[in-house]
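K.L.:
Data: work-v2.txt, compact mmCIF, N, CA and C atoms.
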```
# COMPACT_ATOMS: atom_id res chain seq x y z
N MET F 26 13.31 61.77 67.94
CA MET F 26 13.31 61.62 66.50
C MET F 26 11.96 61.09 66.00
N ARG F 27 11.42 60.11 66.74
CA ARG F 27 10.12 59.55 66.35
C ARG F 27 9.03 60.61 66.44
N VAL F 28 9.10 61.44 67.45
CA VAL F 28 8.11 62.51 67.60
C VAL F 28 8.19 63.47 66.42
N LEU F 29 9.40 63.80 66.00
CA LEU F 29 9.60 64.70 64.86
C LEU F 29 9.04 64.08 63.59
N MET F 30 9.32 62.82 63.35
CA MET F 30 8.83 62.12 62.17
C MET F 30 7.30 62.03 62.19
N SER F 31 6.76 61.73 63.36
CA SER F 31 5.30 61.65 63.50
C SER F 31 4.66 62.99 63.22
N SER F 32 5.27 64.05 63.72
CA SER F 32 4.74 65.40 63.49
C SER F 32 4.76 65.75 62.00
N ILE F 33 5.83 65.40 61.33
CA ILE F 33 5.94 65.67 59.89
C ILE F 33 4.88 64.90 59.13
N CYS F 34 4.67 63.63 59.48
CA CYS F 34 3.65 62.82 58.82
C CYS F 34 2.26 63.41 59.03
N VAL F 35 1.97 63.84 60.24
CA VAL F 35 0.67 64.42 60.53
C VAL F 35 0.47 65.70 59.72
N LEU F 36 1.50 66.54 59.63
CA LEU F 36 1.40 67.78 58.84
C LEU F 36 1.19 67.48 57.36
N LEU F 37 1.90 66.51 56.82
CA LEU F 37 1.74 66.16 55.41
C LEU F 37 0.35 65.60 55.13
N LEU F 38 -0.12 64.72 55.98
CA LEU F 38 -1.46 64.17 55.81
C LEU F 38 -2.52 65.25 55.94
N GLY F 39 -2.33 66.15 56.87
CA GLY F 39 -3.27 67.26 57.04
C GLY F 39 -3.30 68.16 55.82
N ALA F 40 -2.13 68.44 55.27
CA ALA F 40 -2.06 69.29 54.07
C ALA F 40 -2.75 68.62 52.90
N MET F 41 -2.59 67.31 52.77
CA MET F 41 -3.23 66.58 51.68
C MET F 41 -4.74 66.55 51.88
N ALA F 42 -5.19 66.45 53.10
CA ALA F 42 -6.63 66.39 53.38
C ALA F 42 -7.32 67.70 53.05
N PHE F 43 -6.63 68.83 53.16
CA PHE F 43 -7.24 70.13 52.90
C PHE F 43 -6.98 70.65 51.51
N LYS F 44 -6.42 69.81 50.63
CA LYS F 44 -6.19 70.23 49.26
C LYS F 44 -7.54 70.44 48.58
N PRO F 45 -7.74 71.58 47.94
CA PRO F 45 -9.03 71.85 47.31
C PRO F 45 -9.34 70.83 46.21
N ASP F 46 -10.61 70.60 46.03
CA ASP F 46 -11.10 69.73 44.98
C ASP F 46 -10.69 70.33 43.62
N PRO F 47 -10.28 69.52 42.64
CA PRO F 47 -9.86 70.08 41.34
C PRO F 47 -10.95 70.88 40.63
N ILE F 48 -12.19 70.47 40.76
CA ILE F 48 -13.28 71.24 40.13
C ILE F 48 -13.45 72.58 40.83
N THR F 49 -13.38 72.56 42.15
CA THR F 49 -13.48 73.81 42.91
C THR F 49 -12.35 74.76 42.54
N GLU F 50 -11.15 74.23 42.40
CA GLU F 50 -10.01 75.07 42.02
C GLU F 50 -10.26 75.77 40.69
N LYS F 51 -10.85 75.05 39.74
CA LYS F 51 -11.13 75.65 38.43
C LYS F 51 -12.31 76.62 38.49
N LEU F 52 -13.28 76.33 39.34
CA LEU F 52 -14.50 77.13 39.41
C LEU F 52 -14.29 78.47 40.10
N VAL F 53 -13.43 78.52 41.10
CA VAL F 53 -13.25 79.72 41.92
C VAL F 53 -12.47 80.78 41.12
N ARG F 54 -13.24 81.64 40.48
CA ARG F 54 -12.72 82.75 39.68
C ARG F 54 -13.90 83.54 39.12
N LYS F 55 -13.64 84.53 38.29
CA LYS F 55 -14.70 85.30 37.64
C LYS F 55 -14.99 84.70 36.27
N TRP F 56 -16.30 84.64 35.94
CA TRP F 56 -16.75 84.08 34.67
C TRP F 56 -17.69 85.07 33.97
N GLU F 57 -17.52 85.19 32.66
CA GLU F 57 -18.40 86.05 31.86
C GLU F 57 -19.22 85.18 30.91
N LEU F 58 -20.51 85.42 30.87
CA LEU F 58 -21.41 84.68 29.98
C LEU F 58 -21.09 85.04 28.53
N VAL F 59 -20.86 84.01 27.69
CA VAL F 59 -20.52 84.25 26.29
C VAL F 59 -21.43 83.51 25.31
N GLY F 60 -22.35 82.70 25.83
CA GLY F 60 -23.25 82.01 24.92
C GLY F 60 -24.36 81.28 25.66
N VAL F 61 -25.52 81.22 25.00
CA VAL F 61 -26.67 80.48 25.52
C VAL F 61 -27.23 79.69 24.35
N LYS F 62 -27.56 78.42 24.63
CA LYS F 62 -28.10 77.57 23.57
C LYS F 62 -29.26 76.76 24.12
N THR F 63 -30.36 76.74 23.35
CA THR F 63 -31.50 75.89 23.66
C THR F 63 -31.82 75.09 22.39
N ALA F 64 -32.85 74.27 22.46
CA ALA F 64 -33.24 73.48 21.28
C ALA F 64 -33.68 74.38 20.13
N ASN F 65 -34.20 75.57 20.46
CA ASN F 65 -34.77 76.46 19.43
C ASN F 65 -33.94 77.67 19.07
N MET F 66 -32.89 77.96 19.86
CA MET F 66 -32.13 79.19 19.57
C MET F 66 -30.71 79.12 20.11
N THR F 67 -29.90 79.97 19.54
CA THR F 67 -28.53 80.16 20.02
C THR F 67 -28.30 81.65 20.14
N ILE F 68 -27.77 82.07 21.28
CA ILE F 68 -27.46 83.49 21.49
C ILE F 68 -25.95 83.60 21.62
N SER F 69 -25.35 84.41 20.77
CA SER F 69 -23.90 84.58 20.76
C SER F 69 -23.46 85.63 21.77
N GLU F 70 -22.16 85.70 21.96
CA GLU F 70 -21.58 86.70 22.87
C GLU F 70 -21.92 88.11 22.42
N GLU F 71 -21.86 88.35 21.12
CA GLU F 71 -22.17 89.68 20.59
C GLU F 71 -23.63 90.06 20.86
N GLU F 72 -24.54 89.09 20.67
CA GLU F 72 -25.95 89.35 20.93
C GLU F 72 -26.21 89.62 22.41
N ILE F 73 -25.54 88.86 23.28
CA ILE F 73 -25.70 89.06 24.72
C ILE F 73 -25.29 90.48 25.10
N ARG F 74 -24.16 90.91 24.58
CA ARG F 74 -23.67 92.26 24.90
C ARG F 74 -24.55 93.36 24.32
N SER F 75 -25.03 93.16 23.10
CA SER F 75 -25.82 94.22 22.46
C SER F 75 -27.23 94.34 23.03
N LYS F 76 -27.83 93.23 23.47
CA LYS F 76 -29.21 93.27 23.95
C LYS F 76 -29.33 93.59 25.43
N ASN F 77 -28.63 92.87 26.25
CA ASN F 77 -28.86 92.97 27.69
C ASN F 77 -27.66 93.47 28.47
N GLY F 78 -26.57 93.71 27.86
CA GLY F 78 -25.35 93.84 28.64
C GLY F 78 -24.91 92.42 28.93
N ASN F 79 -24.16 92.20 29.96
CA ASN F 79 -23.69 90.86 30.24
C ASN F 79 -23.75 90.58 31.74
N VAL F 80 -23.40 89.36 32.07
CA VAL F 80 -23.43 88.93 33.46
C VAL F 80 -22.06 88.36 33.81
N ILE F 81 -21.53 88.82 34.94
CA ILE F 81 -20.28 88.29 35.47
C ILE F 81 -20.61 87.51 36.75
N MET F 82 -20.15 86.28 36.83
CA MET F 82 -20.31 85.48 38.05
C MET F 82 -18.93 85.29 38.65
N GLU F 83 -18.81 85.56 39.93
CA GLU F 83 -17.55 85.33 40.63
C GLU F 83 -17.79 84.32 41.74
N PHE F 84 -17.20 83.14 41.57
CA PHE F 84 -17.29 82.10 42.58
C PHE F 84 -16.17 82.29 43.59
N LEU F 85 -16.54 82.39 44.85
CA LEU F 85 -15.56 82.58 45.92
C LEU F 85 -15.35 81.26 46.63
N GLY F 86 -14.19 81.06 47.20
CA GLY F 86 -13.85 79.83 47.89
C GLY F 86 -14.66 79.58 49.15
N ASN F 87 -15.35 80.59 49.65
CA ASN F 87 -16.13 80.43 50.88
C ASN F 87 -17.56 79.96 50.64
N GLY F 88 -17.86 79.54 49.40
CA GLY F 88 -19.19 79.04 49.10
C GLY F 88 -20.19 80.08 48.64
N TYR F 89 -19.72 81.28 48.35
CA TYR F 89 -20.60 82.33 47.84
C TYR F 89 -20.27 82.62 46.38
N CYS F 90 -21.26 83.09 45.67
CA CYS F 90 -21.11 83.50 44.28
C CYS F 90 -21.74 84.87 44.13
N ILE F 91 -20.99 85.79 43.58
CA ILE F 91 -21.49 87.14 43.35
C ILE F 91 -21.86 87.24 41.87
N ILE F 92 -23.11 87.57 41.61
CA ILE F 92 -23.58 87.71 40.23
C ILE F 92 -23.78 89.19 39.98
N LYS F 93 -23.01 89.70 39.02
CA LYS F 93 -22.99 91.13 38.78
C LYS F 93 -23.29 91.41 37.31
N PRO F 94 -24.48 91.93 37.03
CA PRO F 94 -24.78 92.35 35.66
C PRO F 94 -23.90 93.55 35.30
N THR F 95 -23.54 93.66 34.04
CA THR F 95 -22.66 94.77 33.64
C THR F 95 -23.44 96.08 33.52
N LYS F 96 -24.76 96.01 33.43
CA LYS F 96 -25.55 97.25 33.41
C LYS F 96 -25.53 97.86 34.81
N ALA F 97 -25.27 99.13 34.87
CA ALA F 97 -25.11 99.82 36.16
C ALA F 97 -26.37 99.77 37.01
N GLU F 98 -27.55 99.81 36.38
CA GLU F 98 -28.79 99.87 37.16
C GLU F 98 -29.24 98.50 37.68
N ALA F 99 -28.64 97.43 37.21
CA ALA F 99 -29.03 96.09 37.65
C ALA F 99 -28.45 95.78 39.03
N ALA F 100 -29.18 94.97 39.78
CA ALA F 100 -28.78 94.64 41.15
C ALA F 100 -27.71 93.55 41.16
N ILE F 101 -26.79 93.68 42.10
CA ILE F 101 -25.77 92.66 42.33
C ILE F 101 -26.36 91.65 43.31
N LYS F 102 -26.19 90.36 43.02
CA LYS F 102 -26.74 89.32 43.88
C LYS F 102 -25.62 88.48 44.46
N LYS F 103 -25.82 88.07 45.70
CA LYS F 103 -24.86 87.19 46.37
C LYS F 103 -25.59 85.89 46.70
N ASN F 104 -25.16 84.81 46.08
CA ASN F 104 -25.78 83.51 46.26
C ASN F 104 -24.81 82.55 46.91
N LYS F 105 -25.33 81.43 47.39
CA LYS F 105 -24.48 80.36 47.91
C LYS F 105 -24.35 79.28 46.84
N TRP F 106 -23.22 78.59 46.84
CA TRP F 106 -23.05 77.48 45.91
C TRP F 106 -22.38 76.30 46.59
N THR F 107 -22.69 75.11 46.08
CA THR F 107 -22.03 73.88 46.51
C THR F 107 -21.90 72.98 45.28
N LEU F 108 -21.03 71.99 45.40
CA LEU F 108 -20.88 70.99 44.35
C LEU F 108 -21.46 69.67 44.85
N LYS F 109 -22.10 68.96 43.96
CA LYS F 109 -22.62 67.63 44.27
C LYS F 109 -22.06 66.70 43.20
N LYS F 110 -21.28 65.73 43.64
CA LYS F 110 -20.66 64.80 42.70
C LYS F 110 -21.41 63.47 42.73
N GLU F 111 -21.76 63.04 41.54
CA GLU F 111 -22.35 61.72 41.39
C GLU F 111 -21.43 60.91 40.48
N GLU F 112 -21.77 59.66 40.30
CA GLU F 112 -20.90 58.76 39.54
C GLU F 112 -20.62 59.28 38.13
N LYS F 113 -21.64 59.78 37.45
CA LYS F 113 -21.48 60.18 36.05
C LYS F 113 -21.57 61.68 35.81
N ALA F 114 -21.82 62.45 36.86
CA ALA F 114 -21.98 63.89 36.66
C ALA F 114 -21.62 64.66 37.91
N THR F 115 -21.28 65.93 37.70
CA THR F 115 -21.05 66.86 38.81
C THR F 115 -22.03 68.01 38.63
N TYR F 116 -22.68 68.38 39.72
CA TYR F 116 -23.69 69.43 39.69
C TYR F 116 -23.25 70.62 40.52
N LEU F 117 -23.53 71.79 40.00
CA LEU F 117 -23.35 73.04 40.72
C LEU F 117 -24.73 73.41 41.25
N ILE F 118 -24.85 73.50 42.55
CA ILE F 118 -26.13 73.83 43.16
C ILE F 118 -26.06 75.27 43.67
N MET F 119 -26.88 76.11 43.09
CA MET F 119 -26.93 77.52 43.48
C MET F 119 -28.16 77.74 44.35
N GLU F 120 -27.97 78.38 45.49
CA GLU F 120 -29.07 78.72 46.38
C GLU F 120 -29.20 80.24 46.38
N ALA F 121 -30.39 80.70 46.04
CA ALA F 121 -30.60 82.14 45.90
C ALA F 121 -31.96 82.55 46.44
N ASP F 122 -32.14 83.84 46.55
CA ASP F 122 -33.43 84.42 46.95
C ASP F 122 -34.25 84.61 45.67
N ASN F 123 -35.51 84.21 45.70
CA ASN F 123 -36.35 84.32 44.50
C ASN F 123 -36.92 85.73 44.28
N GLY F 124 -36.54 86.67 45.09
CA GLY F 124 -37.04 88.03 44.96
C GLY F 124 -38.24 88.32 45.85
N PHE F 125 -38.81 87.27 46.45
CA PHE F 125 -39.96 87.42 47.35
C PHE F 125 -39.58 87.00 48.77
N GLY F 126 -38.27 86.96 49.05
CA GLY F 126 -37.81 86.60 50.38
C GLY F 126 -37.73 85.10 50.64
N GLU F 127 -37.96 84.31 49.61
CA GLU F 127 -37.90 82.86 49.76
C GLU F 127 -36.66 82.32 49.05
N SER F 128 -36.09 81.30 49.62
CA SER F 128 -34.90 80.68 49.06
C SER F 128 -35.28 79.56 48.09
N PHE F 129 -34.54 79.45 47.00
CA PHE F 129 -34.73 78.32 46.09
C PHE F 129 -33.36 77.82 45.63
N LYS F 130 -33.32 76.58 45.18
CA LYS F 130 -32.08 75.98 44.70
C LYS F 130 -32.23 75.62 43.23
N GLN F 131 -31.16 75.87 42.49
CA GLN F 131 -31.13 75.48 41.08
C GLN F 131 -29.94 74.56 40.88
N ASN F 132 -30.20 73.38 40.33
CA ASN F 132 -29.15 72.41 40.03
C ASN F 132 -28.72 72.57 38.59
N MET F 133 -27.44 72.80 38.39
CA MET F 133 -26.89 72.93 37.05
C MET F 133 -25.83 71.87 36.87
N SER F 134 -25.89 71.19 35.76
CA SER F 134 -24.89 70.17 35.45
C SER F 134 -23.64 70.86 34.90
N ILE F 135 -22.48 70.47 35.40
CA ILE F 135 -21.22 70.99 34.84
C ILE F 135 -20.86 70.09 33.67
N GLU F 136 -21.08 70.61 32.47
CA GLU F 136 -20.80 69.85 31.25
C GLU F 136 -19.31 69.82 30.96
N ASP F 137 -18.64 70.94 31.21
CA ASP F 137 -17.20 71.05 30.95
C ASP F 137 -16.66 72.19 31.81
N ILE F 138 -15.43 72.00 32.30
CA ILE F 138 -14.80 73.07 33.07
C ILE F 138 -13.30 72.97 32.91
N SER F 139 -12.68 74.13 32.71
CA SER F 139 -11.23 74.27 32.71
C SER F 139 -10.95 75.61 33.37
N THR F 140 -9.72 76.04 33.37
CA THR F 140 -9.41 77.34 33.96
C THR F 140 -9.82 78.49 33.03
N LYS F 141 -10.25 78.15 31.80
CA LYS F 141 -10.61 79.19 30.83
C LYS F 141 -12.07 79.13 30.38
N LYS F 142 -12.73 77.99 30.56
CA LYS F 142 -14.07 77.80 30.02
C LYS F 142 -14.93 77.00 30.98
N LEU F 143 -16.20 77.42 31.10
CA LEU F 143 -17.18 76.74 31.95
C LEU F 143 -18.46 76.58 31.14
N ILE F 144 -18.97 75.34 31.08
CA ILE F 144 -20.23 75.08 30.40
C ILE F 144 -21.17 74.43 31.40
N LEU F 145 -22.30 75.11 31.64
CA LEU F 145 -23.32 74.64 32.56
C LEU F 145 -24.60 74.35 31.78
N SER F 146 -25.36 73.37 32.25
CA SER F 146 -26.65 73.11 31.61
C SER F 146 -27.73 72.93 32.66
N VAL F 147 -28.95 73.26 32.25
CA VAL F 147 -30.14 73.12 33.08
C VAL F 147 -31.19 72.43 32.23
N GLY F 148 -31.91 71.47 32.80
CA GLY F 148 -32.97 70.78 32.08
C GLY F 148 -32.44 69.62 31.25
N GLN F 149 -33.35 69.00 30.53
CA GLN F 149 -32.99 67.84 29.72
C GLN F 149 -33.72 67.87 28.38
N ASP F 150 -33.17 67.16 27.44
CA ASP F 150 -33.77 66.98 26.12
C ASP F 150 -34.17 68.31 25.49
N LYS F 151 -35.43 68.46 25.07
CA LYS F 151 -35.85 69.68 24.38
C LYS F 151 -35.91 70.89 25.30
N ASP F 152 -35.91 70.67 26.61
CA ASP F 152 -35.94 71.77 27.58
C ASP F 152 -34.55 72.16 28.08
N LYS F 153 -33.52 71.55 27.54
CA LYS F 153 -32.15 71.79 28.00
C LYS F 153 -31.66 73.18 27.56
N GLU F 154 -31.07 73.89 28.52
CA GLU F 154 -30.45 75.19 28.25
C GLU F 154 -28.97 75.04 28.59
N ILE F 155 -28.11 75.50 27.69
CA ILE F 155 -26.66 75.40 27.89
C ILE F 155 -26.09 76.81 27.95
N TYR F 156 -25.33 77.07 29.02
CA TYR F 156 -24.71 78.37 29.25
C TYR F 156 -23.20 78.22 29.18
N THR F 157 -22.57 79.01 28.33
CA THR F 157 -21.12 78.96 28.18
C THR F 157 -20.51 80.25 28.74
N TYR F 158 -19.48 80.07 29.55
CA TYR F 158 -18.78 81.20 30.19
C TYR F 158 -17.30 81.14 29.86
N LYS F 159 -16.67 82.28 29.82
CA LYS F 159 -15.21 82.33 29.69
C LYS F 159 -14.66 82.97 30.98
N ALA F 160 -13.48 82.51 31.36
CA ALA F 160 -12.85 83.03 32.57
C ALA F 160 -12.30 84.43 32.32
N LEU F 161 -12.41 85.26 33.32
CA LEU F 161 -11.82 86.61 33.28
C LEU F 161 -10.60 86.62 34.18
N LYS F 162 -9.67 87.46 33.85
CA LYS F 162 -8.45 87.55 34.67
C LYS F 162 -8.66 88.46 35.84
```
Re-express the file's structure as structure tokens.

P.N.:
Amino acid sequence: MRVLMSSICVLLLGAMAFKPDPITEKLVRKWELVGVKTANMTISEEEIRSKNGNVIMEFLGNGYCIIKPTKAEAAIKKNKWTLKKEEKATYLIMEADNGFGESFKQNMSIEDISTKKLILSVGQDKDKEIYTYKALK
């Protein structure tokens, strides 16, 4: 009986230890860019679609992110991502190829995240860029 109880406890603790992080659970899905804001300009969803087409980002649970422009001729990119949690902020760190065969990392602050909306920012003060995404089904 003790062995059975011990086994159950170990299984429960193991299941709790592998529970995905709440931010990761919200992040792992497809996202469509719907807005960009800087100190000098705001680009709406309609403007994004009419000028450039759009960008879909799909975060996968294995640490990869597929970035797929909606224009057929644009290249699909596969990047790596990780989360970095600090006391007052959580950062999404994207690692990608710069187009010249070299890897670079971009740190983006997660301003807000739910299962329907993702707001990322890069930079600070007058150089801050804010990207708003909506979740796709």

K.L.:
Could you check how far atom CA of F:Ile92 sits from atom CA of F:Met66, in Å to one decimal?

P.N.:
23.9 Å

K.L.:
Give me the residues near F:Leu145 as a list in words, where near means some atom within 5 Å (using all atoms listed in the file) and where sequence neighbours in that chain fewer than 3 positions away do not count.

P.N.:
Ser134, Ile135, Glu136, Ile155 and Tyr156 of chain F

K.L.:
Please list as a PyMOL selection string every residue within 12 Å of F:Glu50, counting only C-alpha atoms and excluding residues in the same chain fewer than 2 positions away.

P.N.:
chain F and resi 44-48+52-54+84-86+108+138-141

K.L.:
Apply DSSP to the structure's backbone, then extract all residues of stretch 33-150 of chain F labelled strand (DSSP E) and return them as a CSV table (one decimal) with N, CA and C atoms, in the frame of the given file.

P.N.:
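Saved the output as part.csv:
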```csv
chain,number,residue,atom,x,y,z
F,55,LYS,N,-13.6,84.5,38.3
F,55,LYS,CA,-14.7,85.3,37.6
F,55,LYS,C,-15.0,84.7,36.3
F,56,TRP,N,-16.3,84.6,35.9
F,56,TRP,CA,-16.8,84.1,34.7
F,56,TRP,C,-17.7,85.1,34.0
F,57,GLU,N,-17.5,85.2,32.7
F,57,GLU,CA,-18.4,86.0,31.9
F,57,GLU,C,-19.2,85.2,30.9
F,58,LEU,N,-20.5,85.4,30.9
F,58,LEU,CA,-21.4,84.7,30.0
F,58,LEU,C,-21.1,85.0,28.5
F,59,VAL,N,-20.9,84.0,27.7
F,59,VAL,CA,-20.5,84.2,26.3
F,59,VAL,C,-21.4,83.5,25.3
F,60,GLY,N,-22.4,82.7,25.8
F,60,GLY,CA,-23.2,82.0,24.9
F,60,GLY,C,-24.4,81.3,25.7
F,61,VAL,N,-25.5,81.2,25.0
F,61,VAL,CA,-26.7,80.5,25.5
F,61,VAL,C,-27.2,79.7,24.4
F,62,LYS,N,-27.6,78.4,24.6
F,62,LYS,CA,-28.1,77.6,23.6
F,62,LYS,C,-29.3,76.8,24.1
F,67,THR,N,-29.9,80.0,19.5
F,67,THR,CA,-28.5,80.2,20.0
F,67,THR,C,-28.3,81.6,20.1
F,68,ILE,N,-27.8,82.1,21.3
F,68,ILE,CA,-27.5,83.5,21.5
F,68,ILE,C,-26.0,83.6,21.6
F,80,VAL,N,-23.4,89.4,32.1
F,80,VAL,CA,-23.4,88.9,33.5
F,80,VAL,C,-22.1,88.4,33.8
F,81,ILE,N,-21.5,88.8,34.9
F,81,ILE,CA,-20.3,88.3,35.5
F,81,ILE,C,-20.6,87.5,36.8
F,82,MET,N,-20.2,86.3,36.8
F,82,MET,CA,-20.3,85.5,38.0
F,82,MET,C,-18.9,85.3,38.6
F,83,GLU,N,-18.8,85.6,39.9
F,83,GLU,CA,-17.6,85.3,40.6
F,83,GLU,C,-17.8,84.3,41.7
F,84,PHE,N,-17.2,83.1,41.6
F,84,PHE,CA,-17.3,82.1,42.6
F,84,PHE,C,-16.2,82.3,43.6
F,89,TYR,N,-19.7,81.3,48.4
F,89,TYR,CA,-20.6,82.3,47.8
F,89,TYR,C,-20.3,82.6,46.4
F,90,CYS,N,-21.3,83.1,45.7
F,90,CYS,CA,-21.1,83.5,44.3
F,90,CYS,C,-21.7,84.9,44.1
F,91,ILE,N,-21.0,85.8,43.6
F,91,ILE,CA,-21.5,87.1,43.4
F,91,ILE,C,-21.9,87.2,41.9
F,92,ILE,N,-23.1,87.6,41.6
F,92,ILE,CA,-23.6,87.7,40.2
F,92,ILE,C,-23.8,89.2,40.0
F,93,LYS,N,-23.0,89.7,39.0
F,93,LYS,CA,-23.0,91.1,38.8
F,93,LYS,C,-23.3,91.4,37.3
F,94,PRO,N,-24.5,91.9,37.0
F,94,PRO,CA,-24.8,92.4,35.7
F,94,PRO,C,-23.9,93.6,35.3
F,102,LYS,N,-26.2,90.4,43.0
F,102,LYS,CA,-26.7,89.3,43.9
F,102,LYS,C,-25.6,88.5,44.5
F,103,LYS,N,-25.8,88.1,45.7
F,103,LYS,CA,-24.9,87.2,46.4
F,103,LYS,C,-25.6,85.9,46.7
F,104,ASN,N,-25.2,84.8,46.1
F,104,ASN,CA,-25.8,83.5,46.3
F,104,ASN,C,-24.8,82.6,46.9
F,105,LYS,N,-25.3,81.4,47.4
F,105,LYS,CA,-24.5,80.4,47.9
F,105,LYS,C,-24.4,79.3,46.8
F,106,TRP,N,-23.2,78.6,46.8
F,106,TRP,CA,-23.0,77.5,45.9
F,106,TRP,C,-22.4,76.3,46.6
F,107,THR,N,-22.7,75.1,46.1
F,107,THR,CA,-22.0,73.9,46.5
F,107,THR,C,-21.9,73.0,45.3
F,108,LEU,N,-21.0,72.0,45.4
F,108,LEU,CA,-20.9,71.0,44.4
F,108,LEU,C,-21.5,69.7,44.8
F,109,LYS,N,-22.1,69.0,44.0
F,109,LYS,CA,-22.6,67.6,44.3
F,109,LYS,C,-22.1,66.7,43.2
F,110,LYS,N,-21.3,65.7,43.6
F,110,LYS,CA,-20.7,64.8,42.7
F,110,LYS,C,-21.4,63.5,42.7
F,115,THR,N,-21.3,65.9,37.7
F,115,THR,CA,-21.0,66.9,38.8
F,115,THR,C,-22.0,68.0,38.6
F,116,TYR,N,-22.7,68.4,39.7
F,116,TYR,CA,-23.7,69.4,39.7
F,116,TYR,C,-23.2,70.6,40.5
F,117,LEU,N,-23.5,71.8,40.0
F,117,LEU,CA,-23.4,73.0,40.7
F,117,LEU,C,-24.7,73.4,41.2
F,118,ILE,N,-24.8,73.5,42.6
F,118,ILE,CA,-26.1,73.8,43.2
F,118,ILE,C,-26.1,75.3,43.7
F,119,MET,N,-26.9,76.1,43.1
F,119,MET,CA,-26.9,77.5,43.5
F,119,MET,C,-28.2,77.7,44.4
F,120,GLU,N,-28.0,78.4,45.5
F,120,GLU,CA,-29.1,78.7,46.4
F,120,GLU,C,-29.2,80.2,46.4
F,121,ALA,N,-30.4,80.7,46.0
F,121,ALA,CA,-30.6,82.1,45.9
F,121,ALA,C,-32.0,82.6,46.4
F,122,ASP,N,-32.1,83.8,46.6
F,122,ASP,CA,-33.4,84.4,47.0
F,122,ASP,C,-34.2,84.6,45.7
F,128,SER,N,-36.1,81.3,49.6
F,128,SER,CA,-34.9,80.7,49.1
F,128,SER,C,-35.3,79.6,48.1
F,129,PHE,N,-34.5,79.4,47.0
F,129,PHE,CA,-34.7,78.3,46.1
F,129,PHE,C,-33.4,77.8,45.6
F,130,LYS,N,-33.3,76.6,45.2
F,130,LYS,CA,-32.1,76.0,44.7
F,130,LYS,C,-32.2,75.6,43.2
F,131,GLN,N,-31.2,75.9,42.5
F,131,GLN,CA,-31.1,75.5,41.1
F,131,GLN,C,-29.9,74.6,40.9
F,132,ASN,N,-30.2,73.4,40.3
F,132,ASN,CA,-29.2,72.4,40.0
F,132,ASN,C,-28.7,72.6,38.6
F,133,MET,N,-27.4,72.8,38.4
F,133,MET,CA,-26.9,72.9,37.0
F,133,MET,C,-25.8,71.9,36.9
F,134,SER,N,-25.9,71.2,35.8
F,134,SER,CA,-24.9,70.2,35.4
F,134,SER,C,-23.6,70.9,34.9
F,135,ILE,N,-22.5,70.5,35.4
F,135,ILE,CA,-21.2,71.0,34.8
F,135,ILE,C,-20.9,70.1,33.7
F,136,GLU,N,-21.1,70.6,32.5
F,136,GLU,CA,-20.8,69.8,31.2
F,136,GLU,C,-19.3,69.8,31.0
F,137,ASP,N,-18.6,70.9,31.2
F,137,ASP,CA,-17.2,71.0,31.0
F,137,ASP,C,-16.7,72.2,31.8
F,138,ILE,N,-15.4,72.0,32.3
F,138,ILE,CA,-14.8,73.1,33.1
F,138,ILE,C,-13.3,73.0,32.9
F,142,LYS,N,-12.7,78.0,30.6
F,142,LYS,CA,-14.1,77.8,30.0
F,142,LYS,C,-14.9,77.0,31.0
F,143,LEU,N,-16.2,77.4,31.1
F,143,LEU,CA,-17.2,76.7,32.0
F,143,LEU,C,-18.5,76.6,31.1
F,144,ILE,N,-19.0,75.3,31.1
F,144,ILE,CA,-20.2,75.1,30.4
F,144,ILE,C,-21.2,74.4,31.4
F,145,LEU,N,-22.3,75.1,31.6
F,145,LEU,CA,-23.3,74.6,32.6
F,145,LEU,C,-24.6,74.4,31.8
F,146,SER,N,-25.4,73.4,32.2
F,146,SER,CA,-26.6,73.1,31.6
F,146,SER,C,-27.7,72.9,32.7
F,147,VAL,N,-29.0,73.3,32.2
F,147,VAL,CA,-30.1,73.1,33.1
F,147,VAL,C,-31.2,72.4,32.2
```

K.L.:
Which residues, written as a PyMOL selection string, have at least one atom at most 7 Å from stretch 116-121 of chain F, with only N, CA and C atoms counted and residues fewer than 5 positions away on the same chain left out?

P.N.:
chain F and resi 103-111+127-135

K.L.:
Work out how far apart atom CA of F:Tyr158 and atom CA of F:Val59 are and give it in Å to one decimal.

P.N.:
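Spanning atom CA of F:Tyr158 to atom CA of F:Val59 is a straight-line distance of 5.2 Å.
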
K.L.:
Suppose you want the space between atom CA of F:Lys159 and atom CA of F:Met82; what is it in Å?

P.N.:
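Atom-to-atom, atom CA of F:Lys159 and atom CA of F:Met82 are spaced 10.3 Å apart.
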
K.L.:
From the list F:Lys96, F:Glu57, F:Glu154, F:Lys113, which residue is nearest F:Ser75 when using only C-alpha atoms?

P.N.:
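Looking only at the distances to F:Ser75, the closest residue turns out to be F:Lys96.
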
K.L.:
Determine the nearest neighbour of F:Thr63 from the options F:Thr95, F:Thr49, F:Ser146, F:Asn123, counting only C-alpha atoms.

P.N.:
F:Ser146
